[in-house]
Amino acid sequence: MWSVTELTGYIKELFEIDDHLQKVEVSGELSNFVRARSGHLYFTLKDEGAQLKCAMWKSDARRLGFGPQSGDAVVINGRISVYEASGAYQLYAKRMIPAGRGDLTLAFEALKEKLTYEGLFDPEHKQPLPHFPRKIGIVTSANAAALQDMLNVLQRRYPLVQVLIAPTLVQGDMAPAQIVRALEWIDGRTDIDTIIIGRGGGSIEDLWAFNDERVARAIFAAQHPVISGVGHETDFTIADFVADVRAPTPSAAAELAVPDIEELAGALHGMHNALQQDMSAYLEKQEWRVRELTQKLTHLSPQRRLDTDRQRVDGLLMRLETAVSRRLEREENRLGVMMARLTAVSPLATLERGYAIVRDENGRVLHSVTAVTPAAPLTIQLKDGKFGATTH
């Protein structure tokens, strides 16, 4: 006797050992299409007579070159197995392409895998876009509406930028070679900052020139950053993967290439206000600092000490003048006393009393008659004058 789990496991093993069921290609219409939050896809593949439950894991879904939805006719490659929890068999899809475009899609996937292996899509090869380009080169059809759309966007967002157009076919067998020549010509200029390459929407056949390997390698070899704006948002080309930046539309490519002048003006106005506020705050802080330093300098200034010393000198001078005045007064008094004394013993005082002073011819005062030589000239001084005399 089998348990349900054992029987289901055995059936699943039979499916998985059958080589025919492990590599199948099935065509049909998508129904009940669901993209889970996990990124896995769950859907039903049906035709007029039957339905087949299917699942595609996130890792495989990431490689899809289109956005599948219910009602699409597709061709799926994968394996058949049993989902044991529900006991139902289902197709685990590895690859999905739109029906009727199988050859182109397979060629797209093959080139994508080849260039991925060679590293042409690696992020380290991506060049950053300049923030303020001076001149932009556009590789597209000169008669396309997409070109006018890009020019309108560039003029509206950043009228300062110049535009150089490298016209080329963007559809048909001759388009890839022309796109490469136009890209190489514009990339060879030294006055270009950014290159936009692209065209408007269309079928996969219309966009196929941008899935050409020559175009992909020319974009990869470009010295200037390249923005790819091919088709509509759901369209993906090899040019998108190899370009430095992928834009969903040509107009979006123009928006990515330049800044918005109105946003720049707003940002500049904001920076001006912020700078003004910062400057005001800085100046206020410095003024406060100057006042603080001025107070400290005033406190430490030698002027105060000079004022103090000047006042001290004035005081000392006044004391000196007073002391000198007093000293002079004392000396004057002393001198008066001494003069009085000197006057008292002065010969003049003696003369006032009626005496006379006798001097010889040499001016010596005679104190005794013995010092007088006969007939010698003498000088006699009285209180009011002097006169000469001669001895006998």
# chains A, B, ... in the order shown; residues from 1 in each chain; ligands from 1
$ select_by_dssp --residues "segment 39-231 of chain A" --states "helix (DSSP H, G or I)" --output "ChimeraX atom specification"
/A:58-61,102-118,123-125,145-157,175-187,208-211,213-221
$ select_by_dssp --residues "segment 91-303 of chain A" --states "strand (DSSP E or B)" --output "VMD selection string"
chain A and resid 91 to 98 135 to 140 162 to 167 194 to 199 226 to 230 245 to 247
$ closest_atom_pairs --of "segment 112-184 of chain A" --to "segment 226-244 of chain A" --cutoff "8 Å" --atoms "only C-alpha atoms" --output "JSON lines"
{"residue": "A:Lys112", "atom": "CA", "partner": "A:Ile238", "partner_atom": "CA", "distance": 6.6}
{"residue": "A:Leu120", "atom": "CA", "partner": "A:Val242", "partner_atom": "CA", "distance": 5.9}
{"residue": "A:Phe121", "atom": "CA", "partner": "A:Val242", "partner_atom": "CA", "distance": 5.0}
{"residue": "A:His125", "atom": "CA", "partner": "A:Asp244", "partner_atom": "CA", "distance": 7.8}
{"residue": "A:Lys126", "atom": "CA", "partner": "A:Asp244", "partner_atom": "CA", "distance": 4.6}
{"residue": "A:Gln127", "atom": "CA", "partner": "A:Asp244", "partner_atom": "CA", "distance": 5.6}
{"residue": "A:Pro128", "atom": "CA", "partner": "A:Asp244", "partner_atom": "CA", "distance": 7.3}
$ write_last_selection --atoms "C-alpha atoms" --output "compact mmCIF listing (two decimals), in the first residue's frame"
# COMPACT_ATOMS: atom_id res chain seq x y z
CA LYS A 112 23.08 39.28 -24.45
CA LEU A 120 30.38 44.64 -21.51
CA PHE A 121 27.50 45.16 -19.10
CA HIS A 125 32.74 50.04 -16.95
CA LYS A 126 29.91 52.56 -16.56
CA GLN A 127 30.95 56.21 -16.79
CA PRO A 128 29.20 58.83 -14.65
$ atom_distance --atom1 "atom CA of Gln162 of chain A" --atom2 "atom CA of Thr190 of chain A"
13.7 Å
$ closest_residue --among "A:Ala254, A:Met339, A:Leu328, A:Ala356" --to "Gln155 of chain A" --atoms "only C-alpha atoms"
A:Ala254
$ atom_distance --atom1 "atom CA of Arg319 of chain A" --atom2 "atom CA of Arg334 of chain A"
22.1 Å
$ residues_around --residues "Leu160 of chain A" --least-positions-apart "5" --cutoff "9 Å" --atoms "only C-alpha atoms" --output "ChimeraX atom specification"
/A:133-135,154-155,261
$ write_last_selection --atoms "N, CA and C atoms" --output "tab-separated table (two decimals), in the first residue's frame"
chain	number	residue	atom	x	y	z
A	133	PRO	N	26.72	69.54	-18.35
A	133	PRO	CA	27.32	69.42	-19.69
A	133	PRO	C	27.22	70.72	-20.48
A	134	ARG	N	28.26	70.99	-21.25
A	134	ARG	CA	28.24	72.17	-22.12
A	134	ARG	C	27.69	71.85	-23.50
A	135	LYS	N	27.99	70.63	-23.98
A	135	LYS	CA	27.49	70.26	-25.31
A	135	LYS	C	27.13	68.77	-25.29
A	154	LEU	N	15.56	69.37	-23.65
A	154	LEU	CA	16.84	70.02	-23.34
A	154	LEU	C	16.68	71.52	-23.23
A	155	GLN	N	15.89	72.11	-24.16
A	155	GLN	CA	15.68	73.56	-24.13
A	155	GLN	C	14.91	73.98	-22.88
A	261	ILE	N	17.11	73.64	-14.78
A	261	ILE	CA	17.59	74.97	-14.42
A	261	ILE	C	16.73	75.61	-13.33
$ atom_distance --atom1 "atom CA of Thr249 of chain A" --atom2 "atom CA of Gly200 of chain A"
7.2 Å
$ closest_residue --among "A:Ala274, A:Ala146, A:Ile204, A:Leu129" --to "Pro259 of chain A" --atoms "only C-alpha atoms"
A:Leu129
$ decode --residues "segment 36-49 of chain A" --atoms "C-alpha atoms" --output "PDB file, in the first residue's frame"
ATOM      1  CA  ALA A  36       4.743  37.401  -6.694  1.00  0.00           C
ATOM      2  CA  ARG A  37       6.424  39.838  -4.285  1.00  0.00           C
ATOM      3  CA  SER A  38       9.331  37.393  -4.208  1.00  0.00           C
ATOM      4  CA  GLY A  39       9.889  38.023  -7.938  1.00  0.00           C
ATOM      5  CA  HIS A  40       8.754  34.527  -8.976  1.00  0.00           C
ATOM      6  CA  LEU A  41       6.179  34.232 -11.800  1.00  0.00           C
ATOM      7  CA  TYR A  42       3.104  31.963 -11.637  1.00  0.00           C
ATOM      8  CA  PHE A  43       0.764  31.521 -14.581  1.00  0.00           C
ATOM      9  CA  THR A  44      -1.178  29.078 -16.724  1.00  0.00           C
ATOM     10  CA  LEU A  45      -0.245  28.168 -20.296  1.00  0.00           C
ATOM     11  CA  LYS A  46      -3.312  27.182 -22.309  1.00  0.00           C
ATOM     12  CA  ASP A  47      -4.578  26.454 -25.782  1.00  0.00           C
ATOM     13  CA  GLU A  48      -7.970  25.431 -27.150  1.00  0.00           C
ATOM     14  CA  GLY A  49      -7.863  21.967 -25.599  1.00  0.00           C
TER      15      GLY A  49
END
